[in-house]
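For reference, the structure discussed in these notes is given below.
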Amino acid sequence: MRFGVLGTGHWAQAVHATALADHPSAELVGVWGRDVAKAKALGAEFEVPGYADVDALLADVDAVAIALPPDVQAPLALRAAEAGKHLLLEKPIALDVAGADRVVDAVRGAGVASVVFFTFRFQAATSTWLTQAARTRLAGGAGSWLSSLAGTPFAASPWRQERGALWDIGPHALSVLLPALGPVAAVQAGAGLMDTVHLVLTHESGTASTITLSHTVAPMSTGIEFYVHGDAGRLVLLPDVDAPVDAFRVAVDELGAAAMTGGTHPCDVAFGRDVVAVLAAAQRALSSGCREPVGG
């Protein structure tokens with residue numbers, strides 16, 4: 001499968017392009033970015049062209065891997081799907097439900113395959129954890145991801161500064177709790193210091209889960225943990241945040257398999273849309289102070 005990378009930032013270089021350049025069954029064909037000079041520089045690093053015209057790149061590939069801010073990604077995903085290209089997207093797929101719906105409709109209308117790169121979902125430990133959870137009568141769950149963006153390559157990201165941990169790492173938390181506990185019917189939310197948020201999710205199954213998220217804790221306070229509990233006890237997941245390239249290679253494989261078989265993937269854009277709907281409900285709950293339903 002011939003891939004084009006859309007994006008020229010740290011994640012595009014360190015994860016998308018790096019994984020594709022070394023992938024045994026995928027070919028990195030070229031790079032496009034909003035800054036042509038950066039696209040050419042990143043392409044040169046991997047010995048592929050840097051494209052000035054996104055449509056020219058689309059004409060040369062079978063699939064695109066997009067590493068751009070969500071509000072930039074969504075319209076480009078529409079454009080690529082309408083051109084018949086398979087999609088490997090970052091999370092969240094959009095910054096509102098309407099934008100996510102448009103991506104879903106475009107993918108379905110074009111009949112292309114899609115995978116959203118929820119990093120933990122492409123790790124063996126998470127697959128094992130979800131299998132164990134599926135064998136358990138669950139009563140609830142929780143997740144906590146406390147981080148500090150200061151001093152990282154993402155510290156100056158405008159959309160992360162504006163949207164905070166809820167929209168950046170919230171999708172990762174939802175990507176493991178939703179398949180374990182089921183769709184979310186309603187969300188309650190409370191704000192902590194700076195961008196810290198606390199969520200209470202009521203799942204359609206009647207179970208509930210809680211999530212705490214922050215990008216602004218003290219460095220010594222950082223950590224990540226998810227768990228579900230039920231009649232078989234407490235099942236803990238400690239995801240690996242240090243091997244995104246390995247996970248991305250798995251995502252490339254699974255997109256290729258979905259494209260070949262014409263099937264759907266558990267982390268396709270429809271699931272990505274469900275995640276956006278929960279995030280949007282959480283954002284409303286933070287503003288209203290009320291329990292907010294998740295739209296259908």
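Note on naming: chains are A, B, ... as they come in the structure tokens, residues start from 1 per chain, ligands start from 1 in the order shown.
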Would you list the contacts of Val241 of chain A as a PyMOL selection string, taking every protein, DNA or RNA residue within 10 Å and counting only C-alpha atoms, but skipping same-chain residues closer than 2 positions in sequence? chain A and resi 119-120+224+238-239+243-244+247
Write out, as an mmCIF file, in the first residue's frame, the residues just selected, with N, CA and C atoms.
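Result file again-v8.cif:
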```
data_model
loop_
_atom_site.group_PDB
_atom_site.id
_atom_site.type_symbol
_atom_site.label_atom_id
_atom_site.label_comp_id
_atom_site.auth_asym_id
_atom_site.auth_seq_id
_atom_site.Cartn_x
_atom_site.Cartn_y
_atom_site.Cartn_z
ATOM 1 N N THR A 119 -3.420 5.036 20.038
ATOM 2 C CA THR A 119 -2.154 4.311 20.175
ATOM 3 C C THR A 119 -2.284 3.028 20.981
ATOM 4 N N PHE A 120 -2.956 3.087 22.133
ATOM 5 C CA PHE A 120 -3.002 1.925 23.020
ATOM 6 C C PHE A 120 -3.750 0.750 22.406
ATOM 7 N N ILE A 224 -0.023 7.098 34.418
ATOM 8 C CA ILE A 224 -1.189 6.675 33.642
ATOM 9 C C ILE A 224 -1.610 5.279 34.075
ATOM 10 N N LEU A 238 -1.734 -0.840 32.218
ATOM 11 C CA LEU A 238 -0.695 0.192 32.275
ATOM 12 C C LEU A 238 -0.126 0.331 30.869
ATOM 13 N N PRO A 239 -0.684 1.225 30.065
ATOM 14 C CA PRO A 239 -0.275 1.299 28.648
ATOM 15 C C PRO A 239 1.176 1.755 28.493
ATOM 16 N N ALA A 243 6.380 3.484 22.905
ATOM 17 C CA ALA A 243 6.604 2.723 21.671
ATOM 18 C C ALA A 243 5.548 3.042 20.621
ATOM 19 N N PRO A 244 5.334 4.326 20.297
ATOM 20 C CA PRO A 244 4.287 4.653 19.324
ATOM 21 C C PRO A 244 4.597 4.172 17.917
ATOM 22 N N ALA A 247 3.393 0.636 17.548
ATOM 23 C CA ALA A 247 1.935 0.612 17.474
ATOM 24 C C ALA A 247 1.452 1.109 16.121
#
```
Selection near segment 210-221 of chain A, 7 Å with only C-alpha atoms, sequence-local residues under 4 positions removed, as a ChimeraX atom specification: /A:141-149,164-166,170,194-201
Could you pull the residues within 7 Å of Val236 of chain A, counting only C-alpha atoms, minus those fewer than 2 positions along the same chain, as JSON, numbers by chain? {"A": [226, 227, 228, 234, 238]}
DSSP strand (DSSP E) residues within segment 24-248 of chain A, listed as a ChimeraX atom specification: /A:27-32,50-51,63-66,86-89,114-116,138-146,184-191,197-203,208-214,223-230,233-237
Out of segment 143-292 of chain A, which residues get alpha helix (DSSP H) from DSSP, as a VMD selection string? chain A and resid 158 to 168 170 to 181 244 to 261 269 to 288
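Separating atom CA of Ala139 of chain A from atom CA of Gly230 of chain A is a distance of 4.9 Å.
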Can you measure atom CA of Leu235 of chain A to atom CA of Val276 of chain A for me? One decimal in Å is fine.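 Separation of atom CA of Leu235 of chain A and atom CA of Val276 of chain A: 25.8 Å.
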Hey, what's within 7 Å of segment 74-89 of chain A if we count only C-alpha atoms and toss same-chain stuff fewer than 2 positions away? As a list in words, please? Leu58, Asp62, Ala63, Val64, Ala65, Ile66, Pro70, Asp71, Val72, Lys91, Ile93, Ala94, Gly99, Val103, Ala106, Val107, Ala110, Val112, Ala113, Ser114, Val115, Val116 and Phe117 of chain A
Between A:Leu57, A:Leu237, A:Val29, A:Ala98, which one has atoms that come closest to Glu225 of chain A, using only C-alpha atoms? A:Leu237
Would you kindly return, as a list of chain:residue names, each protein, DNA or RNA residue with an atom no farther than 7 Å from any atom of Gly182 of chain A, considering only C-alpha atoms and excluding same-chain residues fewer than 3 positions away? A:Leu178, A:Pro179, A:His203, A:Glu204, A:Ser205
Closest of A:Val61, A:Asp53, A:Gly289, A:Val176 to Ala125 of chain A, counting only C-alpha atoms, is A:Val176
